[in-house]
Every structure is written in structure tokens, then in C-alpha cells.
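Just coords.pdb here, PDB, C-alpha atoms:
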```pdb
ATOM      1  CA  MET A   9      50.354 135.730-216.077
ATOM      2  CA  SER A  10      50.297 132.057-215.548
ATOM      3  CA  VAL A  11      52.845 129.331-215.046
ATOM      4  CA  THR A  12      51.357 125.868-215.446
ATOM      5  CA  LEU A  13      53.536 123.030-214.185
ATOM      6  CA  VAL A  14      53.287 119.685-215.970
ATOM      7  CA  ASN A  15      54.657 116.166-215.725
ATOM      8  CA  PRO A  16      53.870 114.875-219.230
ATOM      9  CA  GLU A  17      52.799 111.303-219.866
ATOM     10  CA  GLY A  18      55.748 109.187-220.932
ATOM     11  CA  LEU A  19      58.217 110.909-218.547
ATOM     12  CA  PRO A  20      58.996 110.159-214.903
ATOM     13  CA  LYS A  21      56.768 112.004-212.414
ATOM     14  CA  PRO A  22      59.066 113.246-209.618
ATOM     15  CA  ASP A  23      57.575 114.583-206.385
ATOM     16  CA  VAL A  24      60.080 117.410-205.866
ATOM     17  CA  TYR A  25      59.978 119.068-209.293
ATOM     18  CA  ARG A  26      58.026 119.150-212.549
ATOM     19  CA  GLN A  27      59.363 118.234-215.967
ATOM     20  CA  LEU A  28      58.173 121.414-217.667
ATOM     21  CA  SER A  29      56.359 124.667-217.233
ATOM     22  CA  ILE A  30      54.131 126.521-219.642
ATOM     23  CA  ALA A  31      54.412 130.248-219.015
ATOM     24  CA  THR A  32      52.359 133.068-220.459
ATOM     25  CA  GLY A  33      53.039 136.737-219.859
ATOM     26  CA  SER A  34      54.693 139.718-221.432
ATOM     27  CA  LYS A  35      58.007 140.025-219.585
ATOM     28  CA  LEU A  36      60.715 137.362-219.513
ATOM     29  CA  VAL A  37      62.968 137.759-216.458
ATOM     30  CA  PHE A  38      66.421 136.207-216.133
ATOM     31  CA  LEU A  39      67.541 136.493-212.524
ATOM     32  CA  ALA A  40      71.253 136.234-211.808
ATOM     33  CA  GLY A  41      72.303 133.360-209.604
ATOM     34  CA  GLN A  42      71.382 134.142-206.016
ATOM     35  CA  VAL A  43      73.691 133.192-203.179
ATOM     36  CA  ALA A  44      73.580 133.185-199.389
ATOM     37  CA  ARG A  45      73.963 136.924-198.817
ATOM     38  CA  ASP A  46      71.516 139.199-197.025
ATOM     39  CA  ALA A  47      70.473 142.654-198.278
ATOM     40  CA  ASP A  48      73.693 144.154-196.881
ATOM     41  CA  GLY A  49      75.881 141.541-198.564
ATOM     42  CA  ARG A  50      76.652 139.687-195.329
ATOM     43  CA  PRO A  51      77.093 135.901-195.486
ATOM     44  CA  VAL A  52      74.167 133.778-194.293
ATOM     45  CA  GLY A  53      74.466 130.166-193.119
ATOM     46  CA  GLU A  54      78.198 129.693-193.296
ATOM     47  CA  GLY A  55      78.885 125.981-193.714
ATOM     48  CA  ASP A  56      75.136 125.159-193.652
ATOM     49  CA  LEU A  57      73.784 124.040-197.033
ATOM     50  CA  ALA A  58      70.118 124.127-195.932
ATOM     51  CA  ALA A  59      70.434 127.687-194.581
ATOM     52  CA  GLN A  60      72.172 128.838-197.758
ATOM     53  CA  VAL A  61      69.487 127.303-199.990
ATOM     54  CA  GLU A  62      66.823 129.012-197.892
ATOM     55  CA  GLN A  63      68.538 132.401-198.341
ATOM     56  CA  CYS A  64      68.845 131.874-202.102
ATOM     57  CA  TYR A  65      65.086 131.296-202.354
ATOM     58  CA  ARG A  66      64.423 134.355-200.166
ATOM     59  CA  ASN A  67      66.582 136.453-202.491
ATOM     60  CA  ILE A  68      64.742 135.191-205.579
ATOM     61  CA  ASN A  69      61.415 136.068-203.970
ATOM     62  CA  THR A  70      62.693 139.523-202.952
ATOM     63  CA  ALA A  71      63.967 140.298-206.450
ATOM     64  CA  LEU A  72      60.749 139.239-208.161
ATOM     65  CA  THR A  73      58.565 141.082-205.651
ATOM     66  CA  GLU A  74      60.556 144.255-206.330
ATOM     67  CA  ILE A  75      59.559 144.152-210.015
ATOM     68  CA  GLY A  76      55.916 143.258-209.428
ATOM     69  CA  GLY A  77      56.214 139.494-209.661
ATOM     70  CA  SER A  78      56.384 136.621-207.220
ATOM     71  CA  PHE A  79      57.938 133.214-206.844
ATOM     72  CA  ASP A  80      54.807 131.835-208.530
ATOM     73  CA  ASP A  81      56.074 133.468-211.742
ATOM     74  CA  VAL A  82      59.234 131.324-211.789
ATOM     75  CA  ALA A  83      59.233 129.069-214.839
ATOM     76  CA  LYS A  84      62.599 127.334-214.194
ATOM     77  CA  LEU A  85      65.345 127.098-211.585
ATOM     78  CA  THR A  86      68.957 126.053-211.946
ATOM     79  CA  VAL A  87      70.732 125.039-208.739
ATOM     80  CA  TYR A  88      74.523 124.806-208.511
ATOM     81  CA  VAL A  89      75.838 122.878-205.481
ATOM     82  CA  VAL A  90      79.513 122.712-204.562
ATOM     83  CA  ASP A  91      80.848 119.135-204.336
ATOM     84  CA  TRP A  92      77.427 117.630-204.967
ATOM     85  CA  SER A  93      76.680 114.117-203.784
ATOM     86  CA  PRO A  94      73.309 112.398-203.313
ATOM     87  CA  GLU A  95      73.837 112.552-199.538
ATOM     88  CA  LYS A  96      73.265 116.325-199.774
ATOM     89  CA  MET A  97      69.715 115.938-201.146
ATOM     90  CA  PRO A  98      68.049 116.006-197.682
ATOM     91  CA  LEU A  99      69.811 119.296-196.850
ATOM     92  CA  LEU A 100      68.775 120.782-200.181
ATOM     93  CA  GLY A 101      65.193 119.702-199.551
ATOM     94  CA  GLU A 102      65.282 121.068-196.000
ATOM     95  CA  GLY A 103      66.351 124.505-197.204
ATOM     96  CA  VAL A 104      63.724 124.563-199.957
ATOM     97  CA  GLY A 105      61.049 123.410-197.516
ATOM     98  CA  ARG A 106      61.906 126.067-194.931
ATOM     99  CA  ALA A 107      61.897 128.801-197.584
ATOM    100  CA  ALA A 108      58.561 127.592-198.944
ATOM    101  CA  ALA A 109      56.995 127.619-195.472
ATOM    102  CA  GLU A 110      58.392 131.059-194.621
ATOM    103  CA  LEU A 111      57.437 132.661-197.926
ATOM    104  CA  GLY A 112      54.167 130.814-198.466
ATOM    105  CA  ILE A 113      55.246 129.572-201.896
ATOM    106  CA  ASP A 114      55.043 126.378-203.893
ATOM    107  CA  PRO A 115      58.703 125.631-204.653
ATOM    108  CA  VAL A 116      57.970 122.791-207.088
ATOM    109  CA  LYS A 117      59.319 124.030-210.438
ATOM    110  CA  PRO A 118      61.240 122.569-213.347
ATOM    111  CA  ILE A 119      64.768 122.413-211.983
ATOM    112  CA  THR A 120      68.243 121.535-213.145
ATOM    113  CA  LEU A 121      70.665 120.500-210.402
ATOM    114  CA  LEU A 122      74.370 120.738-211.166
ATOM    115  CA  GLY A 123      77.347 119.772-209.053
ATOM    116  CA  VAL A 124      80.226 122.227-209.366
ATOM    117  CA  ALA A 125      83.766 122.350-208.004
ATOM    118  CA  ALA A 126      83.430 125.869-206.603
ATOM    119  CA  LEU A 127      81.437 129.095-206.777
ATOM    120  CA  GLY A 128      82.555 132.738-206.881
ATOM    121  CA  GLU A 129      83.495 132.925-203.189
ATOM    122  CA  PRO A 130      84.920 130.147-201.005
ATOM    123  CA  ASP A 131      82.145 130.226-198.353
ATOM    124  CA  LEU A 132      79.353 129.672-200.889
ATOM    125  CA  LEU A 133      77.874 126.174-201.009
ATOM    126  CA  VAL A 134      74.987 126.828-203.414
ATOM    127  CA  GLU A 135      73.763 129.278-206.055
ATOM    128  CA  VAL A 136      70.254 129.349-207.511
ATOM    129  CA  GLU A 137      69.258 131.150-210.694
ATOM    130  CA  ALA A 138      65.716 131.643-211.908
ATOM    131  CA  THR A 139      63.846 132.398-215.094
ATOM    132  CA  ALA A 140      60.414 133.947-214.621
ATOM    133  CA  VAL A 141      57.602 135.261-216.791
ATOM    134  CA  ILE A 142      55.486 138.156-215.499
ATOM    135  CA  GLU A 143      52.870 140.496-216.940
TER     136      GLU A 143
END
```
Would you mind writing the file out in C-alpha cells?
Amino acid sequence: MSVTLVNPEGLPKPDVYRQLSIATGSKLVFLAGQVARDADGRPVGEGDLAAQVEQCYRNINTALTEIGGSFDDVAKLTVYVVDWSPEKMPLLGEGVGRAAAELGIDPVKPITLLGVAALGEPDLLVEVEATAVIE
């Protein structure tokens, strides 16, 4: 399996994500949005956006590892942030950076970032869903 990340000519070339991914493999995986809950369902990082982002990425990695994949197999991420404003970007980046360092992953993927009014539970600040392609 291979996911090749590309910033095509003629499009902006952002540092923190890629415009597209080209994925080859035999199994398409749609991972439900992951939130800041540990394996026992306990909240993680209450009120701390960076800590919640970090836990979301951990959960994505855990889920993919369980089925024989890895974060490297992620072709696209969608991130939902409650009450998004550009001032939250450093916290988002901090959480992604900490997760990447802890898990030894390259977090740079095609990504869609959406601001939302609320998520499924009032303590949740972020939810991250992933699409992956594995062998």
C-alpha cells in the first residue's frame, strides 16, 4: 500500500497539509470521527484543544493499527473544531505536533478543517475523522 502526498502545480503549497493524496491498496477504511476519549471512554484534555487533538490522533493510530494499518495509510482527514477561529490554529498545530512526535508519524495529509457550533457532547472541542487505504 502506498499513499503519495502531492501539492500539484497551479495550487497553493501549504506547509501543514497537502492538496491531495494518491492511494493504492485493496481496502478502503472510513474511520468514524475520533474524539478526546481514552480506551475506557474517559474524557481527555477537558478544556484543552491541543490535548484533545492529540488524543484524536492517538485514537486514529490505535484503530488503524488494530486492523493492520498505520497512520501512514491515512489518505484524508476531516477536522471539526467547535467555535473555530484563526486564533485556535496554534493550539491545533500543537496537538498535531505532539501526537506526531509521540507516535512517530508524519501528520501532513490532505485535510478539511470545519468550524462547528457543537459536537455530540458538551466537553468535546474537536473531532477528527479519517479515510485510509490499506492492503
Pick from A:Arg66, A:Leu72, A:Leu57, A:Lys117, whichever lies nearest to Glu95 in chain A using only C-alpha atoms: A:Leu57
Answer key for the PyMOL selection byres ((chain A and resi 52) around 10), residues as a PyMOL selection string: chain A and resi 43-46+49-51+53-56+59-64+131-132
Neighbour list for range 9-17 of chain A as number ranges by chain, cut-off 9 Å, only C-alpha atoms, skip fewer than 5 positions in-chain: A: 22, 25-34, 80-83, 116-118, 140-143
Closest of A:Val24, A:Asp48, A:Leu19, A:Val124 to Met97 in chain A - atom-to-atom distances counting all atoms listed in the file: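 Checking each of A:Val24, A:Asp48, A:Leu19, A:Val124 against Met97 in chain A, counting all atoms listed in the file, the winner is A:Val24.
Between Glu129 in chain A and the candidates A:Val90, A:Val104, A:Ala58, A:Ala109, the tightest atom-to-atom separation, counting all atoms listed in the file, involves A:Val90.
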Once the PyMOL selection byres ((chain A and resi 68-70) around 10) is applied to the coordinates I shared, what remains selected? I want it as a CSV table (one decimal) with C-alpha atoms, keeping the file's coordinate frame.
```csv
chain,number,residue,atom,x,y,z
A,39,LEU,CA,67.5,136.5,-212.5
A,40,ALA,CA,71.3,136.2,-211.8
A,41,GLY,CA,72.3,133.4,-209.6
A,42,GLN,CA,71.4,134.1,-206.0
A,43,VAL,CA,73.7,133.2,-203.2
A,47,ALA,CA,70.5,142.7,-198.3
A,63,GLN,CA,68.5,132.4,-198.3
A,64,CYS,CA,68.8,131.9,-202.1
A,65,TYR,CA,65.1,131.3,-202.4
A,66,ARG,CA,64.4,134.4,-200.2
A,67,ASN,CA,66.6,136.5,-202.5
A,71,ALA,CA,64.0,140.3,-206.4
A,72,LEU,CA,60.7,139.2,-208.2
A,73,THR,CA,58.6,141.1,-205.7
A,74,GLU,CA,60.6,144.3,-206.3
A,75,ILE,CA,59.6,144.2,-210.0
A,77,GLY,CA,56.2,139.5,-209.7
A,78,SER,CA,56.4,136.6,-207.2
A,79,PHE,CA,57.9,133.2,-206.8
A,80,ASP,CA,54.8,131.8,-208.5
A,81,ASP,CA,56.1,133.5,-211.7
A,82,VAL,CA,59.2,131.3,-211.8
A,107,ALA,CA,61.9,128.8,-197.6
A,111,LEU,CA,57.4,132.7,-197.9
A,113,ILE,CA,55.2,129.6,-201.9
A,136,VAL,CA,70.3,129.3,-207.5
A,137,GLU,CA,69.3,131.2,-210.7
A,138,ALA,CA,65.7,131.6,-211.9
A,139,THR,CA,63.8,132.4,-215.1
```
Which centre and which edge lengths, in Å to one decimal, describe the axis-aligned box that holds all listed atoms of range 47-51 of chain A after 4 Å is added on each side, as lines of an AutoDock Vina configuration file?
```
center_x = 73.8
center_y = 140.0
center_z = -196.9
size_x = 14.6
size_y = 16.3
size_z = 11.2
```
Reference answer for the PyMOL selection byres ((chain A and resi 126) around 12), as a ChimeraX atom specification: /A:88-92,122-125,127-135
Residue selection dump (C-alpha atoms) as a tab-separated table (two decimals), in the coordinates of the input:
```
chain	number	residue	atom	x	y	z
A	88	TYR	CA	74.52	124.81	-208.51
A	89	VAL	CA	75.84	122.88	-205.48
A	90	VAL	CA	79.51	122.71	-204.56
A	91	ASP	CA	80.85	119.14	-204.34
A	92	TRP	CA	77.43	117.63	-204.97
A	122	LEU	CA	74.37	120.74	-211.17
A	123	GLY	CA	77.35	119.77	-209.05
A	124	VAL	CA	80.23	122.23	-209.37
A	125	ALA	CA	83.77	122.35	-208.00
A	127	LEU	CA	81.44	129.10	-206.78
A	128	GLY	CA	82.56	132.74	-206.88
A	129	GLU	CA	83.50	132.93	-203.19
A	130	PRO	CA	84.92	130.15	-201.00
A	131	ASP	CA	82.14	130.23	-198.35
A	132	LEU	CA	79.35	129.67	-200.89
A	133	LEU	CA	77.87	126.17	-201.01
A	134	VAL	CA	74.99	126.83	-203.41
A	135	GLU	CA	73.76	129.28	-206.06
```
Counting all atoms listed in the file, the option among A:Asp114, A:Asp23, A:Leu121, A:Leu85 closest to Leu100 in chain A: A:Leu121
Distance in Å - CA of Gly76 in chain A versus CA of Val37 in chain A: 11.4 Å
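Atom to atom, CA of Val87 in chain A and CA of Gly18 in chain A stand 25.0 Å apart.
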Nearest residue to Thr120 in chain A from the set A:Pro20, A:Ala108, A:Gly101, A:Thr86 (distances using all atoms listed in the file):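 Closest residue, counting all atoms listed in the file: A:Thr86.
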